[in-house]
>>> print(open('model-v7.cif').read())   # mmCIF, C-alpha atoms
data_upload
#
loop_
_atom_site.group_PDB
_atom_site.id
_atom_site.type_symbol
_atom_site.label_atom_id
_atom_site.label_comp_id
_atom_site.auth_asym_id
_atom_site.auth_seq_id
_atom_site.Cartn_x
_atom_site.Cartn_y
_atom_site.Cartn_z
ATOM 1 C CA MET A 1 0.000 0.000 0.000
ATOM 2 C CA ALA A 2 2.951 2.342 0.663
ATOM 3 C CA LYS A 3 4.093 2.305 -2.992
ATOM 4 C CA ILE A 4 0.569 3.008 -4.243
ATOM 5 C CA ASP A 5 0.294 5.947 -1.850
ATOM 6 C CA GLU A 6 3.725 7.244 -2.875
ATOM 7 C CA ILE A 7 2.683 7.220 -6.546
ATOM 8 C CA TYR A 8 -0.616 8.872 -5.622
ATOM 9 C CA VAL A 9 1.089 11.658 -3.641
ATOM 10 C CA ASN A 10 3.745 12.393 -6.278
ATOM 11 C CA SER A 11 1.200 12.329 -9.105
ATOM 12 C CA SER A 12 -1.250 14.504 -7.156
ATOM 13 C CA ILE A 13 1.441 17.108 -6.498
ATOM 14 C CA TYR A 14 2.260 17.143 -10.219
ATOM 15 C CA GLU A 15 -1.427 17.365 -11.149
ATOM 16 C CA VAL A 16 -2.212 20.193 -8.711
ATOM 17 C CA LYS A 17 0.871 22.174 -9.821
ATOM 18 C CA ILE A 18 -0.311 21.923 -13.455
ATOM 19 C CA GLN A 19 -3.743 23.255 -12.555
ATOM 20 C CA PHE A 20 -2.735 25.702 -9.816
ATOM 21 C CA PRO A 21 0.912 26.698 -10.464
ATOM 22 C CA LYS A 22 0.923 29.366 -7.733
ATOM 23 C CA LYS A 23 -0.254 26.998 -5.002
ATOM 24 C CA PRO A 24 2.640 26.489 -2.568
ATOM 25 C CA LEU A 25 4.123 22.994 -2.474
ATOM 26 C CA ALA A 26 3.914 22.965 1.326
ATOM 27 C CA SER A 27 0.173 23.613 1.117
ATOM 28 C CA ILE A 28 -0.346 20.775 -1.365
ATOM 29 C CA LYS A 29 1.658 18.368 0.787
ATOM 30 C CA ALA A 30 -0.232 19.441 3.935
ATOM 31 C CA ASP A 31 -3.577 18.761 2.211
ATOM 32 C CA LEU A 32 -2.375 15.331 1.102
ATOM 33 C CA ASP A 33 -1.003 14.477 4.560
ATOM 34 C CA LYS A 34 -4.277 15.554 6.175
ATOM 35 C CA HIS A 35 -6.236 12.975 4.159
ATOM 36 C CA LYS A 36 -3.733 10.104 4.185
ATOM 37 C CA SER A 37 -5.656 7.828 6.554
ATOM 38 C CA GLU A 38 -8.912 8.308 4.628
ATOM 39 C CA ARG A 39 -7.101 7.761 1.315
ATOM 40 C CA LEU A 40 -5.520 4.488 2.479
ATOM 41 C CA LYS A 41 -8.919 3.246 3.682
ATOM 42 C CA GLY A 42 -10.303 4.043 0.225
ATOM 43 C CA PHE A 43 -7.514 2.093 -1.477
ATOM 44 C CA ARG A 44 -8.178 -0.910 0.768
ATOM 45 C CA LYS A 45 -11.896 -0.682 0.033
ATOM 46 C CA GLY A 46 -11.131 -0.797 -3.704
ATOM 47 C CA ILE A 47 -9.108 -3.949 -3.212
ATOM 48 C CA ASN A 48 -11.741 -5.672 -1.073
ATOM 49 C CA SER A 49 -14.990 -4.559 -2.717
ATOM 50 C CA GLY A 50 -17.189 -6.064 -5.387
ATOM 51 C CA SER A 51 -18.250 -2.573 -6.507
ATOM 52 C CA ALA A 52 -14.770 -1.075 -6.806
ATOM 53 C CA ILE A 53 -11.433 -2.194 -8.174
ATOM 54 C CA LEU A 54 -7.856 -1.094 -7.712
ATOM 55 C CA LEU A 55 -5.401 -2.470 -10.270
ATOM 56 C CA VAL A 56 -1.626 -2.044 -10.329
ATOM 57 C CA ALA A 57 0.793 -1.806 -13.243
ATOM 58 C CA LEU A 58 4.080 -3.630 -12.722
ATOM 59 C CA ASP A 59 7.550 -3.381 -14.229
ATOM 60 C CA LYS A 60 9.886 -6.168 -13.111
ATOM 61 C CA LYS A 61 7.649 -6.868 -10.098
ATOM 62 C CA GLU A 62 7.732 -3.190 -9.024
ATOM 63 C CA ILE A 63 4.509 -1.188 -8.815
ATOM 64 C CA ILE A 64 4.800 1.665 -11.315
ATOM 65 C CA GLY A 65 1.196 2.832 -11.330
ATOM 66 C CA PHE A 66 -2.380 2.055 -10.434
ATOM 67 C CA GLY A 67 -5.919 2.604 -11.569
ATOM 68 C CA GLU A 68 -9.197 2.626 -9.711
ATOM 69 C CA ALA A 69 -12.839 2.448 -10.756
ATOM 70 C CA ILE A 70 -15.957 2.589 -8.596
ATOM 71 C CA ILE A 71 -19.474 1.512 -9.525
ATOM 72 C CA SER A 72 -22.196 3.938 -8.405
ATOM 73 C CA LYS A 73 -24.048 2.946 -5.227
ATOM 74 C CA ASP A 74 -27.246 4.498 -6.618
ATOM 75 C CA ASP A 75 -27.151 3.012 -10.125
ATOM 76 C CA ASN A 76 -24.992 -0.038 -10.817
ATOM 77 C CA SER A 77 -25.090 0.676 -14.561
ATOM 78 C CA LYS A 78 -22.881 3.739 -13.956
ATOM 79 C CA ALA A 79 -19.301 4.018 -12.732
ATOM 80 C CA GLU A 80 -16.370 6.379 -12.477
ATOM 81 C CA ALA A 81 -12.783 5.738 -13.455
ATOM 82 C CA THR A 82 -11.538 7.661 -10.435
ATOM 83 C CA LYS A 83 -7.773 7.345 -10.688
ATOM 84 C CA ILE A 84 -5.014 6.388 -13.064
ATOM 85 C CA TYR A 85 -1.647 7.429 -11.686
ATOM 86 C CA ILE A 86 1.720 6.406 -13.098
ATOM 87 C CA ASN A 87 5.213 6.865 -11.627
ATOM 88 C CA LYS A 88 6.825 9.796 -13.466
ATOM 89 C CA ALA A 89 9.640 7.649 -14.921
ATOM 90 C CA PHE A 90 7.087 5.396 -16.657
ATOM 91 C CA ARG A 91 4.636 7.948 -18.048
ATOM 92 C CA GLY A 92 4.014 7.864 -21.781
ATOM 93 C CA LYS A 93 5.010 4.207 -22.099
ATOM 94 C CA GLY A 94 1.584 2.558 -22.210
ATOM 95 C CA ALA A 95 0.954 1.768 -18.527
ATOM 96 C CA GLY A 96 -1.964 4.206 -18.323
ATOM 97 C CA SER A 97 -3.541 2.691 -21.431
ATOM 98 C CA MET A 98 -3.120 -0.810 -20.038
ATOM 99 C CA LEU A 99 -4.786 0.219 -16.772
ATOM 100 C CA MET A 100 -7.654 2.024 -18.526
ATOM 101 C CA LYS A 101 -8.277 -0.964 -20.805
ATOM 102 C CA SER A 102 -8.320 -3.312 -17.795
ATOM 103 C CA LEU A 103 -10.607 -1.039 -15.753
ATOM 104 C CA LEU A 104 -13.068 -0.720 -18.624
ATOM 105 C CA GLY A 105 -12.990 -4.481 -19.175
ATOM 106 C CA TRP A 106 -13.763 -5.112 -15.508
ATOM 107 C CA LEU A 107 -16.613 -2.590 -15.609
ATOM 108 C CA LYS A 108 -18.027 -4.172 -18.758
ATOM 109 C CA GLY A 109 -17.987 -7.530 -16.998
ATOM 110 C CA LYS A 110 -19.998 -5.933 -14.181
ATOM 111 C CA LYS A 111 -22.630 -4.818 -16.742
ATOM 112 C CA VAL A 112 -21.760 -1.120 -16.362
ATOM 113 C CA SER A 113 -22.969 0.860 -19.383
ATOM 114 C CA SER A 114 -21.715 4.382 -18.585
ATOM 115 C CA VAL A 115 -18.320 5.444 -17.223
ATOM 116 C CA SER A 116 -17.243 8.958 -16.278
ATOM 117 C CA ALA A 117 -13.887 10.418 -15.285
ATOM 118 C CA GLY A 118 -13.123 13.676 -13.480
ATOM 119 C CA ILE A 119 -9.929 15.267 -14.799
ATOM 120 C CA PHE A 120 -8.345 18.653 -14.109
ATOM 121 C CA ALA A 121 -8.816 20.927 -17.141
ATOM 122 C CA LYS A 122 -5.077 21.422 -17.679
ATOM 123 C CA ASN A 123 -4.102 17.748 -17.303
ATOM 124 C CA PHE A 124 -3.823 17.229 -21.045
ATOM 125 C CA ALA A 125 -2.149 13.808 -20.736
ATOM 126 C CA SER A 126 -5.101 12.409 -18.760
ATOM 127 C CA ILE A 127 -7.612 14.085 -21.064
ATOM 128 C CA GLY A 128 -5.806 12.525 -24.031
ATOM 129 C CA LEU A 129 -5.893 9.085 -22.407
ATOM 130 C CA ALA A 130 -9.619 9.349 -21.738
ATOM 131 C CA LYS A 131 -10.323 10.530 -25.298
ATOM 132 C CA LYS A 132 -8.228 7.642 -26.662
ATOM 133 C CA PHE A 133 -10.718 5.299 -24.987
ATOM 134 C CA GLY A 134 -13.795 7.125 -26.284
ATOM 135 C CA PHE A 135 -14.598 9.452 -23.368
ATOM 136 C CA GLU A 136 -16.219 12.731 -24.385
ATOM 137 C CA ILE A 137 -16.405 16.024 -22.519
ATOM 138 C CA THR A 138 -19.970 16.291 -21.210
ATOM 139 C CA ALA A 139 -19.669 18.940 -18.494
ATOM 140 C CA VAL A 140 -17.357 21.659 -17.266
ATOM 141 C CA LYS A 141 -16.961 22.320 -13.551
ATOM 142 C CA MET A 142 -15.815 25.821 -12.632
ATOM 143 C CA GLN A 143 -14.383 27.111 -9.377
ATOM 144 C CA LYS A 144 -13.647 30.487 -7.850
ATOM 145 C CA THR A 145 -11.737 31.127 -4.656
ATOM 146 C CA LEU A 146 -13.292 33.843 -2.523
ATOM 147 C CA LYS A 147 -11.151 35.971 -0.305
ATOM 148 C CA SER A 148 -12.472 36.154 3.228
ATOM 149 C CA SER A 149 -13.769 39.531 4.358
ATOM 150 C CA LYS A 150 -12.508 40.018 7.887
#
>>> encode(input="model-v7.cif", output="structure tokens")
Amino acid sequence: MAKIDEIYVNSSIYEVKIQFPKKPLASIKADLDKHKSERLKGFRKGINSGSAILLVALDKKEIIGFGEAIISKDDNSKAEATKIYINKAFRGKGAGSMLMKSLLGWLKGKKVSSVSAGIFAKNFASIGLAKKFGFEITAVKMQKTLKSSK
């Protein structure tokens, strides 16, 4: 579980810095540390659940990435590909595609007919991966940070 979390943390830092380049690294790390226990519980749930899956990509028996998908609790014909994270040294070499193909195959076997993925707008590599597998942009989520008025 430690290697999966390490890949998650490093990939999340990279992803947040792409989307929010001015966000301080210390702040990103603090947010990730704050949710570590909850995150690890979620990973374990994916491993031990019939409605979620966590798959790993290996290179010479070393975990180099992972992917996760979760079937909706409200409608088991819908799911979300929630995570595909790859160790930086192995990005662009097909591991993400292998994970996406395997996740979609598992979901198909579970009779899921609709899969979504939430991706940061500036994460062009992840957007490209999703498009490669037939995902289409169906919504745009916008955010604004409000300054407190003290």
>>> atom_distance(input="model-v7.cif", atom1="CA of Asp5 (chain A)", atom2="CA of Thr82 (chain A)")
14.7 Å
>>> residues_near_point(input="model-v7.cif", point="(-8.7, 2.2, -3.7)", cutoff="9 Å", atoms="all atoms listed in the file", output="PDB file with C-alpha atoms, keeping the file's coordinate frame")
ATOM      1  CA  ARG A  39      -7.101   7.761   1.315  1.00  0.00           C
ATOM      2  CA  LEU A  40      -5.520   4.488   2.479  1.00  0.00           C
ATOM      3  CA  LYS A  41      -8.919   3.246   3.682  1.00  0.00           C
ATOM      4  CA  GLY A  42     -10.303   4.043   0.225  1.00  0.00           C
ATOM      5  CA  PHE A  43      -7.514   2.093  -1.477  1.00  0.00           C
ATOM      6  CA  ARG A  44      -8.178  -0.910   0.768  1.00  0.00           C
ATOM      7  CA  LYS A  45     -11.896  -0.682   0.033  1.00  0.00           C
ATOM      8  CA  GLY A  46     -11.131  -0.797  -3.704  1.00  0.00           C
ATOM      9  CA  ILE A  47      -9.108  -3.949  -3.212  1.00  0.00           C
ATOM     10  CA  ASN A  48     -11.741  -5.672  -1.073  1.00  0.00           C
ATOM     11  CA  ALA A  52     -14.770  -1.075  -6.806  1.00  0.00           C
ATOM     12  CA  ILE A  53     -11.433  -2.194  -8.174  1.00  0.00           C
ATOM     13  CA  LEU A  54      -7.856  -1.094  -7.712  1.00  0.00           C
ATOM     14  CA  LEU A  55      -5.401  -2.470 -10.270  1.00  0.00           C
ATOM     15  CA  GLY A  67      -5.919   2.604 -11.569  1.00  0.00           C
ATOM     16  CA  GLU A  68      -9.197   2.626  -9.711  1.00  0.00           C
ATOM     17  CA  ALA A  69     -12.839   2.448 -10.756  1.00  0.00           C
ATOM     18  CA  ILE A  70     -15.957   2.589  -8.596  1.00  0.00           C
ATOM     19  CA  LYS A  83      -7.773   7.345 -10.688  1.00  0.00           C
TER      20      LYS A  83
END
>>> closest_residue(input="model-v7.cif", among="A:Lys22, A:Lys88, A:His35, A:Lys3", to="Ile63 (chain A)", atoms="all atoms listed in the file")
A:Lys3
>>> atom_distance(input="model-v7.cif", atom1="CA of Lys122 (chain A)", atom2="CA of Ile71 (chain A)")
25.9 Å
>>> atom_distance(input="model-v7.cif", atom1="CA of Lys78 (chain A)", atom2="CA of Gly94 (chain A)")
25.8 Å
>>> resolve_selection(input="model-v7.cif", expression="the PyMOL selection byres ((chain A and resi 101-106) around 9)", output="compact mmCIF listing (two decimals) with C-alpha atoms, keeping the file's coordinate frame")
# COMPACT_ATOMS: atom_id res chain seq x y z
CA ILE A 53 -11.43 -2.19 -8.17
CA LEU A 54 -7.86 -1.09 -7.71
CA LEU A 55 -5.40 -2.47 -10.27
CA GLY A 67 -5.92 2.60 -11.57
CA GLU A 68 -9.20 2.63 -9.71
CA ALA A 69 -12.84 2.45 -10.76
CA ALA A 81 -12.78 5.74 -13.46
CA GLY A 96 -1.96 4.21 -18.32
CA SER A 97 -3.54 2.69 -21.43
CA MET A 98 -3.12 -0.81 -20.04
CA LEU A 99 -4.79 0.22 -16.77
CA MET A 100 -7.65 2.02 -18.53
CA LEU A 107 -16.61 -2.59 -15.61
CA LYS A 108 -18.03 -4.17 -18.76
CA GLY A 109 -17.99 -7.53 -17.00
CA LYS A 110 -20.00 -5.93 -14.18
CA LYS A 111 -22.63 -4.82 -16.74
CA VAL A 112 -21.76 -1.12 -16.36
CA VAL A 115 -18.32 5.44 -17.22
CA PHE A 133 -10.72 5.30 -24.99
>>> resolve_selection(input="model-v7.cif", expression="the PyMOL selection byres ((chain A and resi 91) around 12)", output="JSON, numbers by chain")
{"A": [7, 11, 57, 64, 65, 66, 84, 85, 86, 87, 88, 89, 90, 92, 93, 94, 95, 96, 97, 98, 125, 126, 129]}
>>> resolve_selection(input="model-v7.cif", expression="the PyMOL selection byres ((chain A and resi 9) around 10)", output="PDB file with C-alpha atoms, keeping the file's coordinate frame")
ATOM      1  CA  LYS A   3       4.093   2.305  -2.992  1.00  0.00           C
ATOM      2  CA  ILE A   4       0.569   3.008  -4.243  1.00  0.00           C
ATOM      3  CA  ASP A   5       0.294   5.947  -1.850  1.00  0.00           C
ATOM      4  CA  GLU A   6       3.725   7.244  -2.875  1.00  0.00           C
ATOM      5  CA  ILE A   7       2.683   7.220  -6.546  1.00  0.00           C
ATOM      6  CA  TYR A   8      -0.616   8.872  -5.622  1.00  0.00           C
ATOM      7  CA  ASN A  10       3.745  12.393  -6.278  1.00  0.00           C
ATOM      8  CA  SER A  11       1.200  12.329  -9.105  1.00  0.00           C
ATOM      9  CA  SER A  12      -1.250  14.504  -7.156  1.00  0.00           C
ATOM     10  CA  ILE A  13       1.441  17.108  -6.498  1.00  0.00           C
ATOM     11  CA  TYR A  14       2.260  17.143 -10.219  1.00  0.00           C
ATOM     12  CA  GLU A  15      -1.427  17.365 -11.149  1.00  0.00           C
ATOM     13  CA  ILE A  28      -0.346  20.775  -1.365  1.00  0.00           C
ATOM     14  CA  LYS A  29       1.658  18.368   0.787  1.00  0.00           C
ATOM     15  CA  LEU A  32      -2.375  15.331   1.102  1.00  0.00           C
ATOM     16  CA  ASP A  33      -1.003  14.477   4.560  1.00  0.00           C
ATOM     17  CA  LYS A  36      -3.733  10.104   4.185  1.00  0.00           C
ATOM     18  CA  TYR A  85      -1.647   7.429 -11.686  1.00  0.00           C
TER      19      TYR A  85
END
>>> closest_residue(input="model-v7.cif", among="A:Ser51, A:Ala79, A:Val56, A:Ser116", to="Ala130 (chain A)", atoms="all atoms listed in the file")
A:Ser116
>>> closest_residue(input="model-v7.cif", among="A:Ser37, A:Lys132, A:Asp74, A:Val140", to="Phe120 (chain A)", atoms="only C-alpha atoms")
A:Val140
>>> closest_residue(input="model-v7.cif", among="A:Ser148, A:Asn123, A:Ser77, A:Thr138", to="Gln19 (chain A)", atoms="only C-alpha atoms")
A:Asn123
